[in-house]
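Asker: Starting off with a structure, shown below.
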Amino acid sequence: MGFYTRHATLRVFVRGCNAALYRKYRPSSRFSSSLASAPVAGETASGNSDKTSSAFDTITSGLYDVVVVGGGISGLTLAVSLKSSQYTSHLKIALVEGMPLASVKSWSPDPDIYSNRVSSITPASQQYLSQIGVWDHVHTERVQAYDDMRVWDGVSGARIHFDAFHLGTDDGTIAYMTENLNLQHALLSRLDNLSSGPPVTILDSTKVAEITNGHEFDEVDLSSWPTLKLSTGDTLTARLLIGADGVNSPVRAFANIQSRGWDYNQHGLVASLEMEWDDRQRIAWQRFLPTGPIALLPMPDGKASLVWSTTPKYAAHLKSLSAGAFCTLVNAAFRLGMVDLDYLISRVDEEEIKEDFEWRDARLPAEAEGQQFPVRVVEVQEGSRASFPLRMRHCDNYVAPRIALVGDAAHTTHPLAGQGLNLGQGDVSSLVRVLERAVQNGSDIGDEVVLQAYWAERYPVNHVMLGVVDKLQKLYCTDFPPIVGLRTVGLEIVESLDWVKKIIMRQAAGSSVL
């Protein structure tokens, strides 16, 4: 009698979960004797029956197949991918995000205002977003494709040029530039558009207060399932907990996964810029200075996005300058030698900086404008200047029992190659494939043996990319003559070998990332 009553109670307990979850944790015959002798809800043999029933009600309402912590691009892409898959759309999914998402969901682009948080999307990442139905929701008028990259050494002047020929694709696009807001808005719109299976529960403006292990009940053992206590007072228990929660990941800390790396003692200064004229060229510019690389990335309608990696001192100074002085120094950073640039950066008065720059710039050939150097910057969008510390981090493992990490929670890289978002998209694509196979095979999606396939696929790819970017950063952040000579020779050799440039471009475009 007791067993059958408990069995009925368990059916209520798992009603909100998928059928596979019930089948996995249904009481088997080997538990019959202990369950038959145990008191059931409503019996007076134990004073704990009401507490047990209450615990069941609480756990049932907060039990999920997948809980994603982090509502950035990686976390949202993961939720969309799982819901758009025929194999995983039935899973019960929750997404927890500390920031409010209502303004992102209702975002309507202003043609005169561009966010300073932008990403370079490789063709492979763009194809994946199209595959899961997200690209149809992107504001394409806020996307700028580019098919030309011009990179040079700020000390020796050695240059390397990549274009559509080296990529070898149909349209020759190297990457697509757009605001992160545009992608997040598209991902949220796609989630609303998906109708198969239960909708994703989005808990925004909600922080994770604590993560602990679950509880063991007579009928089912949830002691290995992560339980999240939220700032709202709610509790979620996850069959699989996925950390897409950034470099300071609470999920990673709970799983006790080590993250190793170092700080670069550089800050990435970003800003939204207006160019002197729209040259209609789809070119990305990057110059390697001893203090760090500076990149100017094309945006629609004559706009551009700046990413200037420099010392914390310089970053603070550049943010404090007037808009005019700042624009002059950006132009100088792409044109002048380091001695002249250091002198100008040490100045404060806008008119002095402009006058000194114009005198030095007059010695450069006029035909270099738009060919050897980008078109001049004439305006910086008010409030768009910001900076953040740069670091490299890589986790020893991406998985633990019922835990998986994606994106910046698993690895962080220098922005000089524009690969941060794309590595995260590769993580999502790989993890979803692993979970699809697990569902097809009837396996537990939280089993560490299942999840190890994801880590085995992604770790080598990410390790190579992070290593290459790290070595480039170290190689070019020096003006030591022997190093400058060696890297100049290397750059000139690569520039002369189209087949090498093709390999580099295909790797950078994501042909092996997703």
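Going through the structure tokens in order, the chains are called A, B, and so on, while each chain numbers its residues from 1 and the ligands are numbered from 1 in the order shown.
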Within 12 Å of Asp204 of chain A, counting only C-alpha atoms, which residues show up once you throw out same-chain ones fewer than 2 positions away? Write them as an MDAnalysis selection string, please.
Answerer: chainID A and resid 68:72 76 94:105 201:202 206:208 230:232
Asker: Pull the alpha helix (DSSP H) assignments for segment 192-440 of chain A out of DSSP run on the backbone, and list those residues as a ChimeraX atom specification.
Answerer: /A:192-193,250-255,312-320,323-333,338-345,350-361,420-440
Asker: When you look at His185 of chain A with a cut-off of 12 Å (counting only C-alpha atoms), what residues show up, excluding the ones that are within fewer than 2 positions of it in the same chain? I need them as a PyMOL selection string.
Answerer: chain A and resi 71-73+76-77+101-109+134-139+178-183+187-192
Asker: Please identify the strand (DSSP E) residues within segment 211-452 of chain A (assignment by DSSP from backbone atoms) and present them as a PyMOL selection string.
Answerer: chain A and resi 211-213+226-230+235-243+259-275+283-289+292-298+303-310+377-380+386-395+399-400+403-405+411-412
Asker: Which residue, A:Asp245, A:Glu351, A:Asp65, A:Asp112, has the smallest gap to Pro198 of chain A when you use only C-alpha atoms?
Answerer: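 So, comparing all the options, the nearest one is A:Asp65.
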Asker: Show which residues sit within 6 Å of Val377 of chain A, as a PyMOL selection string. Count only C-alpha atoms, and ignore same-chain residues fewer than 6 positions away.
Answerer: chain A and resi 274-276+327
Asker: Neighbouring residues of Asn256 of chain A were defined as those with any atom within 12 Å, considering only C-alpha atoms; residues of the same chain fewer than 2 positions away were excluded. Please report them as an MDAnalysis selection string.
Answerer: chainID A and resid 211 249:254 258:259 395:401 403:405
Asker: Residues near segment 288-296 of chain A, anyone? I mean within 7 Å using only C-alpha atoms, not counting same-chain ones fewer than 3 positions away, as a compact mmCIF listing (two decimals) with all heavy atoms, in the first residue's frame.
Answerer:
```txt
# COMPACT_ATOMS: atom_id res chain seq x y z
N TRP A 152 49.46 46.13 -39.64
CA TRP A 152 50.87 46.48 -39.78
C TRP A 152 51.53 46.70 -38.43
O TRP A 152 50.88 46.91 -37.42
CB TRP A 152 51.06 47.67 -40.69
CG TRP A 152 50.58 49.01 -40.24
CD1 TRP A 152 51.35 50.03 -39.76
CD2 TRP A 152 49.24 49.52 -40.27
NE1 TRP A 152 50.58 51.13 -39.49
CE2 TRP A 152 49.29 50.85 -39.80
CE3 TRP A 152 48.01 48.98 -40.66
CZ2 TRP A 152 48.14 51.63 -39.70
CZ3 TRP A 152 46.87 49.75 -40.56
CH2 TRP A 152 46.94 51.07 -40.08
N ASP A 153 52.84 46.60 -38.45
CA ASP A 153 53.70 46.77 -37.28
C ASP A 153 53.91 48.26 -37.05
O ASP A 153 54.42 48.97 -37.93
CB ASP A 153 55.03 46.04 -37.54
CG ASP A 153 55.91 45.98 -36.30
OD1 ASP A 153 55.90 46.93 -35.50
OD2 ASP A 153 56.64 44.98 -36.14
N GLY A 154 53.56 48.74 -35.85
CA GLY A 154 53.69 50.16 -35.56
C GLY A 154 55.11 50.63 -35.39
O GLY A 154 55.37 51.84 -35.41
N VAL A 155 56.07 49.70 -35.24
CA VAL A 155 57.47 50.08 -35.07
C VAL A 155 58.21 50.04 -36.40
O VAL A 155 58.85 51.01 -36.81
CB VAL A 155 58.17 49.17 -34.03
CG1 VAL A 155 59.64 49.56 -33.90
CG2 VAL A 155 57.46 49.27 -32.68
N ALA A 284 38.82 46.45 -42.35
CA ALA A 284 39.15 46.47 -40.92
C ALA A 284 40.63 46.81 -40.80
O ALA A 284 41.48 46.18 -41.47
CB ALA A 284 38.85 45.12 -40.29
N TRP A 285 40.97 47.78 -39.97
CA TRP A 285 42.33 48.26 -39.80
C TRP A 285 42.86 47.87 -38.42
O TRP A 285 42.15 47.97 -37.43
CB TRP A 285 42.39 49.77 -39.93
CG TRP A 285 41.83 50.33 -41.21
CD1 TRP A 285 40.53 50.64 -41.47
CD2 TRP A 285 42.57 50.66 -42.39
NE1 TRP A 285 40.40 51.14 -42.75
CE2 TRP A 285 41.65 51.16 -43.34
CE3 TRP A 285 43.91 50.60 -42.75
CZ2 TRP A 285 42.02 51.60 -44.60
CZ3 TRP A 285 44.29 51.03 -44.00
CH2 TRP A 285 43.36 51.53 -44.92
N ALA A 304 32.20 53.68 -37.15
CA ALA A 304 33.26 52.70 -36.89
C ALA A 304 33.32 52.42 -35.40
O ALA A 304 32.89 53.24 -34.57
CB ALA A 304 34.62 53.19 -37.39
N SER A 305 33.86 51.26 -35.06
CA SER A 305 34.04 50.88 -33.67
C SER A 305 35.53 50.80 -33.38
O SER A 305 36.29 50.18 -34.14
CB SER A 305 33.37 49.53 -33.40
OG SER A 305 33.52 49.16 -32.05
N LEU A 306 35.94 51.42 -32.29
CA LEU A 306 37.34 51.43 -31.90
C LEU A 306 37.60 50.44 -30.78
O LEU A 306 36.82 50.36 -29.81
CB LEU A 306 37.73 52.84 -31.42
CG LEU A 306 39.16 52.99 -30.87
CD1 LEU A 306 40.17 52.99 -32.00
CD2 LEU A 306 39.27 54.26 -30.03
N VAL A 307 38.68 49.67 -30.91
CA VAL A 307 39.18 48.84 -29.81
C VAL A 307 40.67 49.14 -29.70
O VAL A 307 41.46 48.72 -30.54
CB VAL A 307 38.95 47.34 -30.04
CG1 VAL A 307 39.41 46.56 -28.81
CG2 VAL A 307 37.48 47.05 -30.33
N TRP A 308 41.04 49.88 -28.66
CA TRP A 308 42.43 50.31 -28.48
C TRP A 308 42.96 49.67 -27.21
O TRP A 308 42.57 50.02 -26.11
CB TRP A 308 42.49 51.83 -28.39
CG TRP A 308 43.87 52.42 -28.42
CD1 TRP A 308 45.06 51.77 -28.24
CD2 TRP A 308 44.21 53.80 -28.65
NE1 TRP A 308 46.11 52.64 -28.33
CE2 TRP A 308 45.62 53.90 -28.60
CE3 TRP A 308 43.46 54.95 -28.90
CZ2 TRP A 308 46.30 55.10 -28.77
CZ3 TRP A 308 44.13 56.15 -29.08
CH2 TRP A 308 45.53 56.21 -29.02
N SER A 309 43.85 48.70 -27.37
CA SER A 309 44.48 48.04 -26.22
C SER A 309 45.72 48.83 -25.83
O SER A 309 46.64 48.98 -26.64
CB SER A 309 44.86 46.59 -26.58
OG SER A 309 43.74 45.87 -27.01
N THR A 310 45.74 49.32 -24.61
CA THR A 310 46.85 50.16 -24.19
C THR A 310 47.05 50.02 -22.68
O THR A 310 46.37 49.23 -22.03
CB THR A 310 46.58 51.63 -24.59
OG1 THR A 310 47.74 52.41 -24.33
CG2 THR A 310 45.38 52.20 -23.84
N THR A 311 47.97 50.78 -22.13
CA THR A 311 48.24 50.68 -20.71
C THR A 311 47.08 51.28 -19.91
O THR A 311 46.35 52.15 -20.42
CB THR A 311 49.53 51.44 -20.35
OG1 THR A 311 49.34 52.84 -20.60
CG2 THR A 311 50.71 50.93 -21.17
N LEU A 416 42.41 41.09 -29.71
CA LEU A 416 43.13 41.48 -30.93
C LEU A 416 42.70 40.68 -32.16
O LEU A 416 42.84 41.14 -33.30
CB LEU A 416 44.64 41.41 -30.73
CG LEU A 416 45.32 40.05 -30.55
CD1 LEU A 416 45.71 39.42 -31.88
CD2 LEU A 416 46.57 40.21 -29.69
N TYR A 476 54.23 41.34 -30.24
CA TYR A 476 54.15 42.70 -30.76
C TYR A 476 54.14 43.77 -29.67
O TYR A 476 54.25 44.96 -30.00
CB TYR A 476 52.91 42.84 -31.64
CG TYR A 476 53.15 42.28 -33.02
CD1 TYR A 476 52.83 40.96 -33.32
CD2 TYR A 476 53.75 43.05 -34.01
CE1 TYR A 476 53.07 40.43 -34.57
CE2 TYR A 476 53.99 42.54 -35.27
CZ TYR A 476 53.65 41.23 -35.55
OH TYR A 476 53.91 40.71 -36.79
N CYS A 477 54.04 43.40 -28.42
CA CYS A 477 54.05 44.41 -27.35
C CYS A 477 55.47 44.66 -26.85
O CYS A 477 55.75 44.61 -25.64
CB CYS A 477 53.14 43.97 -26.21
SG CYS A 477 51.41 44.30 -26.57
N THR A 478 56.36 44.89 -27.78
CA THR A 478 57.74 45.23 -27.44
C THR A 478 58.37 45.98 -28.60
O THR A 478 57.98 45.78 -29.76
CB THR A 478 58.57 43.97 -27.13
OG1 THR A 478 59.92 44.35 -26.82
CG2 THR A 478 58.62 43.03 -28.32
N ASP A 479 59.31 46.86 -28.28
CA ASP A 479 60.09 47.53 -29.33
C ASP A 479 61.56 47.13 -29.25
O ASP A 479 62.44 47.83 -29.76
CB ASP A 479 59.94 49.05 -29.24
CG ASP A 479 60.30 49.59 -27.86
OD1 ASP A 479 60.73 48.79 -26.99
OD2 ASP A 479 60.15 50.81 -27.64
```
Asker: Counting only C-alpha atoms, which residue out of A:Trp359, A:Met299, A:Arg402, A:Asp171 sits closest to Asn213 of chain A?
Answerer: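 Looking at the shortest contact to Asn213 of chain A, the residue is A:Arg402.
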Asker: Neighbours of Lys303 of chain A within 9 Å (only C-alpha atoms; same-chain residues fewer than 6 positions away dropped), as a short mmCIF file (atom, residue, chain, number, x, y, z; two decimals) with N, CA and C atoms, in the first residue's frame?
Answerer:
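Ended up saving to result01.cif:
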```cif
data_model
loop_
_atom_site.label_atom_id
_atom_site.label_comp_id
_atom_site.auth_asym_id
_atom_site.auth_seq_id
_atom_site.Cartn_x
_atom_site.Cartn_y
_atom_site.Cartn_z
N TYR A 114 25.15 54.26 -31.75
CA TYR A 114 25.65 52.90 -31.81
C TYR A 114 26.26 52.53 -30.47
N SER A 272 32.53 54.44 -29.92
CA SER A 272 31.80 54.50 -31.20
C SER A 272 32.17 55.80 -31.90
N LEU A 273 32.60 55.69 -33.16
CA LEU A 273 33.19 56.82 -33.88
C LEU A 273 32.43 57.16 -35.15
N GLU A 274 32.58 58.41 -35.55
CA GLU A 274 32.06 58.90 -36.83
C GLU A 274 33.25 59.21 -37.71
N MET A 275 33.23 58.70 -38.96
CA MET A 275 34.35 58.91 -39.87
C MET A 275 34.13 60.18 -40.69
N ASP A 278 32.23 58.41 -45.67
CA ASP A 278 32.00 56.98 -45.86
C ASP A 278 32.64 56.56 -47.17
N LEU A 297 37.17 49.17 -36.70
CA LEU A 297 36.32 48.18 -37.35
C LEU A 297 35.11 48.86 -37.97
#
```
Asker: Nearest to Leu364 of chain A: which of A:Leu336, A:Val270, A:Val67, A:Leu486 is it, counting only C-alpha atoms?
Answerer: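 Closest candidate: A:Leu336.
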Asker: Could you check the closest approach to Pro481 of chain A for each of A:Ser89, A:Ser156, A:Ser125, A:Ser84 and tell me which residue wins, using only C-alpha atoms?
Answerer: A:Ser156
Asker: Of the residues A:Val247, A:Ile113, A:Val348, A:Leu91, which is the one nearest to Ala271 of chain A, using only C-alpha atoms?
Answerer: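 Nearest candidate to Ala271 of chain A out of A:Val247, A:Ile113, A:Val348, A:Leu91: A:Ile113.
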Asker: So how far away is atom CA of Val406 of chain A from atom CA of Gln286 of chain A, in Å?
Answerer: 28.2 Å
Asker: Mind giving me the straight-line distance from atom CA of Gly246 of chain A to atom CA of Asp234 of chain A in Å, one decimal?
Answerer: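 Atom CA of Asp234 of chain A lies at a distance of 22.3 Å from atom CA of Gly246 of chain A.
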Asker: To one decimal in Å, tell me the separation between atom CA of Asp349 of chain A and atom CA of Gln266 of chain A.
Answerer: 24.9 Å
Asker: Have a look at A:Phe388, A:Tyr64, A:Tyr128, A:Trp262 and name the one nearest to Leu78 of chain A; count only C-alpha atoms.
Answerer: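 Looking at the shortest contact to Leu78 of chain A, the residue is A:Tyr128.
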